[in-house]
Structure formats: C-alpha cells, structure tokens
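Novice: Structure in structure tokens, see below.
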Amino acid sequence: MFTMLVARHAKSSWDYPELSDFERPLSARGRRDAPLMAAILRDGPERPDVIVTSSAVRAVTTARVMAQLLDLPMHDMIISNALYDATADELITLVREIDDAFRCAMVVGHNPALTQFVNIVGDTELENVPTCGVVTLAFPSLRSWRDIGVRTGNVRSFDYPRKYYRE
C-alpha cells in the first residue's frame, strides 16, 4: 500500500519585509511547531521513505527538521522548485512522478494547493490544512504513484500543532 504524509510548511516570519515570499524563514512559532509535529510523526505508524519539498526557505527548513527527527537521511529529500507555486493539479502530476520504490512519501508545500490536493484525492473534505499541519493519506488500491487521482486516498489522520497546545 502507498501512503502519503501531506505537510504544510511551519509558520513563517514576516519580520523581514525586505525578503521575498520565497525567502521568508520560520518564525519562532514555526521553529517550535516543526519539531513537535515531527515527534508526533516519529511516534506514529507511518515513516516516510522520501520527502519531497518546495524549495521555499520555510518549506525546506520544515522538511529538514522533519527529516532529522524522523532519522531520514538528507539525501532522501527531493527539493522541487515546482512545488513552490504549484496548483493542486500540478501537485498531482508531481506526485505521479514519485518512484514506486518509496511506499511512504511526505510532501511539504503550501496552501491553497495542499488543502485542495487533499480534498481532491482524499475521501474527506478539509476546510484548511494549517501551518505545520500534516494529513496522512492511505492509498489501498494504488499499484503505482502514477495511479493517484480523484478520491483514490483515505484520510487516516489530520494533525496540527494547535491540537496539542493553545496560544
């Protein structure tokens, strides 16, 4: 069976107005939330074989924290320029290119595409995947990542930092 962890990047900082959207780093909250969500994933049933991340600074930083705490070698991370401004349909196309040797993949990207992607391929409609939120999708009938499509996945879990503490 194929499984995907769909993760939105952790909260980014707006403290540096001279930086482009692409260059924004994580905020203090983002630096706190990414390790929290990685620890929750580490204790869960699914561990990614590969991480595919947007090349934006906040996404790569989130992916690196996740990889480190999940004991995934950095060379098993794919940084994709196409994920930065991908639409949900483009995200489906990118997922179809994942090597079938990777049975569990994590995608780290941006909204609105991530929420739309989950709502297209999953069996549950989500209003929003918040920053550092992670949706676990199982694809019991897929024979290949190339077969991903409308309603081919089942939402197994939906975790996000605010489920674990309040601000």
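We name chains A, B, ... following the order of the structure tokens; residues begin at 1 in each chain, and ligands are numbered from 1 as shown.
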If we count only C-alpha atoms and set the cut-off at 7 Å, which residues sit around region 60-76 of chain A, ignoring sequence neighbours fewer than 6 positions away in its own chain? Please answer as an MDAnalysis selection string.
Specialist: chainID A and resid 9:10 34:35 38:39 42 50:51 53:54 108
Novice: I want to know what sits within 6 Å of region 82-95 of chain A, based on only C-alpha atoms, with residues of the same chain fewer than 2 positions away left out; could you give that as a ChimeraX atom specification?
Specialist: /A:54,80,97-98,113,116-117
Novice: Export all heavy atoms of the chosen residues as an mmCIF file, in the first residue's frame?
Specialist:
```cif
data_model
loop_
_atom_site.group_PDB
_atom_site.id
_atom_site.type_symbol
_atom_site.label_atom_id
_atom_site.label_comp_id
_atom_site.auth_asym_id
_atom_site.auth_seq_id
_atom_site.Cartn_x
_atom_site.Cartn_y
_atom_site.Cartn_z
ATOM 1 N N SER A 54 8.922 21.777 -1.304
ATOM 2 C CA SER A 54 9.064 23.032 -2.035
ATOM 3 C C SER A 54 10.444 23.605 -1.732
ATOM 4 O O SER A 54 11.007 23.387 -0.653
ATOM 5 C CB SER A 54 7.984 24.008 -1.559
ATOM 6 O OG SER A 54 8.325 25.349 -1.841
ATOM 7 N N SER A 80 12.026 20.589 -4.722
ATOM 8 C CA SER A 80 11.373 20.854 -6.003
ATOM 9 C C SER A 80 10.978 22.320 -6.134
ATOM 10 O O SER A 80 10.159 22.817 -5.357
ATOM 11 C CB SER A 80 10.120 19.974 -6.126
ATOM 12 O OG SER A 80 9.337 20.365 -7.227
ATOM 13 N N GLU A 97 5.059 11.338 -10.268
ATOM 14 C CA GLU A 97 6.453 11.110 -10.662
ATOM 15 C C GLU A 97 7.305 10.491 -9.552
ATOM 16 O O GLU A 97 8.468 10.180 -9.769
ATOM 17 C CB GLU A 97 7.075 12.434 -11.115
ATOM 18 C CG GLU A 97 6.417 13.004 -12.356
ATOM 19 C CD GLU A 97 6.884 14.406 -12.700
ATOM 20 O OE1 GLU A 97 7.770 14.946 -11.995
ATOM 21 O OE2 GLU A 97 6.350 14.975 -13.667
ATOM 22 N N ILE A 98 6.733 10.295 -8.363
ATOM 23 C CA ILE A 98 7.494 9.689 -7.264
ATOM 24 C C ILE A 98 7.802 8.239 -7.613
ATOM 25 O O ILE A 98 6.954 7.506 -8.126
ATOM 26 C CB ILE A 98 6.709 9.782 -5.929
ATOM 27 C CG1 ILE A 98 6.557 11.254 -5.522
ATOM 28 C CG2 ILE A 98 7.408 8.978 -4.828
ATOM 29 C CD1 ILE A 98 5.673 11.474 -4.309
ATOM 30 N N ALA A 113 -2.800 24.994 -2.424
ATOM 31 C CA ALA A 113 -2.667 23.747 -3.192
ATOM 32 C C ALA A 113 -2.740 22.499 -2.323
ATOM 33 O O ALA A 113 -3.362 21.507 -2.721
ATOM 34 C CB ALA A 113 -1.371 23.755 -4.002
ATOM 35 N N GLN A 116 -6.348 21.792 -1.248
ATOM 36 C CA GLN A 116 -7.093 21.372 -2.444
ATOM 37 C C GLN A 116 -6.690 19.974 -2.881
ATOM 38 O O GLN A 116 -7.542 19.155 -3.252
ATOM 39 C CB GLN A 116 -6.871 22.384 -3.575
ATOM 40 C CG GLN A 116 -7.493 23.735 -3.287
ATOM 41 C CD GLN A 116 -7.002 24.827 -4.227
ATOM 42 O OE1 GLN A 116 -6.070 24.646 -5.002
ATOM 43 N NE2 GLN A 116 -7.642 25.984 -4.148
ATOM 44 N N PHE A 117 -5.389 19.663 -2.827
ATOM 45 C CA PHE A 117 -4.895 18.336 -3.174
ATOM 46 C C PHE A 117 -5.546 17.268 -2.296
ATOM 47 O O PHE A 117 -6.056 16.260 -2.784
ATOM 48 C CB PHE A 117 -3.367 18.299 -3.029
ATOM 49 C CG PHE A 117 -2.756 16.940 -3.170
ATOM 50 C CD1 PHE A 117 -2.503 16.404 -4.419
ATOM 51 C CD2 PHE A 117 -2.434 16.184 -2.045
ATOM 52 C CE1 PHE A 117 -1.937 15.139 -4.554
ATOM 53 C CE2 PHE A 117 -1.865 14.931 -2.165
ATOM 54 C CZ PHE A 117 -1.610 14.400 -3.428
#
```
Novice: Find the residues near Asn128 (chain A): any atom within 10 Å, counting only C-alpha atoms, skip ones fewer than 4 places away on the same chain, and give them as a PyMOL selection string.
Specialist: chain A and resi 111-112+114-116+118-119+133
Novice: How about saving the chosen residues, C-alpha atoms kept, as a PDB file, in the first residue's frame?
Specialist:
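To be explicit, this is the file written out as part-v9.pdb:
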```
ATOM      1  CA  ASN A 111      -1.655  26.355   0.650  1.00  0.00           C
ATOM      2  CA  PRO A 112      -4.030  26.608  -1.058  1.00  0.00           C
ATOM      3  CA  LEU A 114      -2.121  21.307  -0.298  1.00  0.00           C
ATOM      4  CA  THR A 115      -5.651  21.618   1.068  1.00  0.00           C
ATOM      5  CA  GLN A 116      -7.093  21.372  -2.444  1.00  0.00           C
ATOM      6  CA  VAL A 118      -6.135  16.543  -0.039  1.00  0.00           C
ATOM      7  CA  ASN A 119      -9.731  17.390  -0.935  1.00  0.00           C
ATOM      8  CA  GLY A 133      -0.486  20.565   9.695  1.00  0.00           C
TER       9      GLY A 133
END
```
Novice: List every residue of region 83-137 of chain A that DSSP, applied to the backbone, labels as strand (DSSP E or B), and write the result as number ranges by chain.
Specialist: A: 104-109, 134-137
Novice: For each of A:Ser157, A:Ser27, A:Thr124, A:Ser144, take the minimum atom-to-atom distance to Met1 (chain A), counting only C-alpha atoms, then give the residue where this is smallest.
Specialist: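 Among the listed residues, the smallest separation from Met1 (chain A) belongs to A:Ser144.
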Novice: Restricting the calculation to only C-alpha atoms, which member of A:Lys163, A:Arg103, A:Arg32, A:Arg143 is positioned closest to Glu46 (chain A)?
Specialist: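 Ranked by minimum distance to Glu46 (chain A), first place goes to A:Arg103.
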Novice: Please determine, counting only C-alpha atoms, which residue among A:Gly109, A:Val57, A:Arg146, A:Cys104 has the shortest atom-to-atom distance to Ser20 (chain A).
Specialist: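 The closest residue to Ser20 (chain A) is A:Val57.
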Novice: So what do you get for CA of Glu23 (chain A) versus CA of Ala59 (chain A), distance-wise?
Specialist: 10.0 Å
Novice: Find the spatial neighbours of Cys132 (chain A), counting only C-alpha atoms, within a cut-off of 9 Å - ignore same-chain residues fewer than 3 positions away - and output them as a ChimeraX atom specification.
Specialist: /A:7-11,30,33-34,37,62,129,159-161
Novice: I need the residue nearest Gly44 (chain A) from this list: A:Arg96, A:Gly153, A:Val121, A:Leu5. Use only C-alpha atoms for the distance.
Specialist: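 The answer is A:Leu5, which sits nearest to Gly44 (chain A).
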Novice: If you run DSSP on the backbone, which residues of region 71-145 of chain A are helix (DSSP H, G or I), as a list in words?
Specialist: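 Selection result, helix (DSSP H, G or I) within region 71-145 of chain A: Met74, His75, Asp76, Asn81, Ala82, Leu83, Ala88, Asp89, Glu90, Leu91, Ile92, Thr93, Leu94, Val95, Ala113, Leu114, Thr115, Gln116, Phe117, Val118, Asn119, Ile120, Val121 and Trp145 of chain A.
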Novice: Would you output that residue set with C-alpha atoms, as a PDB file, in the first residue's frame?
Specialist:
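Done, and the output landed in selection02.pdb:
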```pdb
ATOM      1  CA  MET A  74      19.046  14.331   3.881  1.00  0.00           C
ATOM      2  CA  HIS A  75      19.970  12.664   0.589  1.00  0.00           C
ATOM      3  CA  ASP A  76      16.472  11.127   0.668  1.00  0.00           C
ATOM      4  CA  ASN A  81      11.122  24.358  -7.427  1.00  0.00           C
ATOM      5  CA  ALA A  82       7.804  23.342  -8.989  1.00  0.00           C
ATOM      6  CA  LEU A  83       6.157  22.835  -5.576  1.00  0.00           C
ATOM      7  CA  ALA A  88      -3.458  21.098  -6.827  1.00  0.00           C
ATOM      8  CA  ASP A  89      -3.475  19.588 -10.321  1.00  0.00           C
ATOM      9  CA  GLU A  90       0.248  20.255 -10.709  1.00  0.00           C
ATOM     10  CA  LEU A  91       0.803  18.662  -7.307  1.00  0.00           C
ATOM     11  CA  ILE A  92      -1.000  15.524  -8.508  1.00  0.00           C
ATOM     12  CA  THR A  93       1.302  15.476 -11.547  1.00  0.00           C
ATOM     13  CA  LEU A  94       4.371  15.822  -9.295  1.00  0.00           C
ATOM     14  CA  VAL A  95       3.199  13.006  -7.010  1.00  0.00           C
ATOM     15  CA  ALA A 113      -2.667  23.747  -3.192  1.00  0.00           C
ATOM     16  CA  LEU A 114      -2.121  21.307  -0.298  1.00  0.00           C
ATOM     17  CA  THR A 115      -5.651  21.618   1.068  1.00  0.00           C
ATOM     18  CA  GLN A 116      -7.093  21.372  -2.444  1.00  0.00           C
ATOM     19  CA  PHE A 117      -4.895  18.336  -3.174  1.00  0.00           C
ATOM     20  CA  VAL A 118      -6.135  16.543  -0.039  1.00  0.00           C
ATOM     21  CA  ASN A 119      -9.731  17.390  -0.935  1.00  0.00           C
ATOM     22  CA  ILE A 120      -9.313  16.043  -4.478  1.00  0.00           C
ATOM     23  CA  VAL A 121      -7.506  12.777  -3.748  1.00  0.00           C
ATOM     24  CA  TRP A 145       2.036   6.571  -7.650  1.00  0.00           C
TER      25      TRP A 145
END
```
Novice: Rounded to one decimal in Å, what is the spacing between CA of Ser13 (chain A) and CA of Ala28 (chain A)?
Specialist: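 These two atoms are separated by 7.7 Å.
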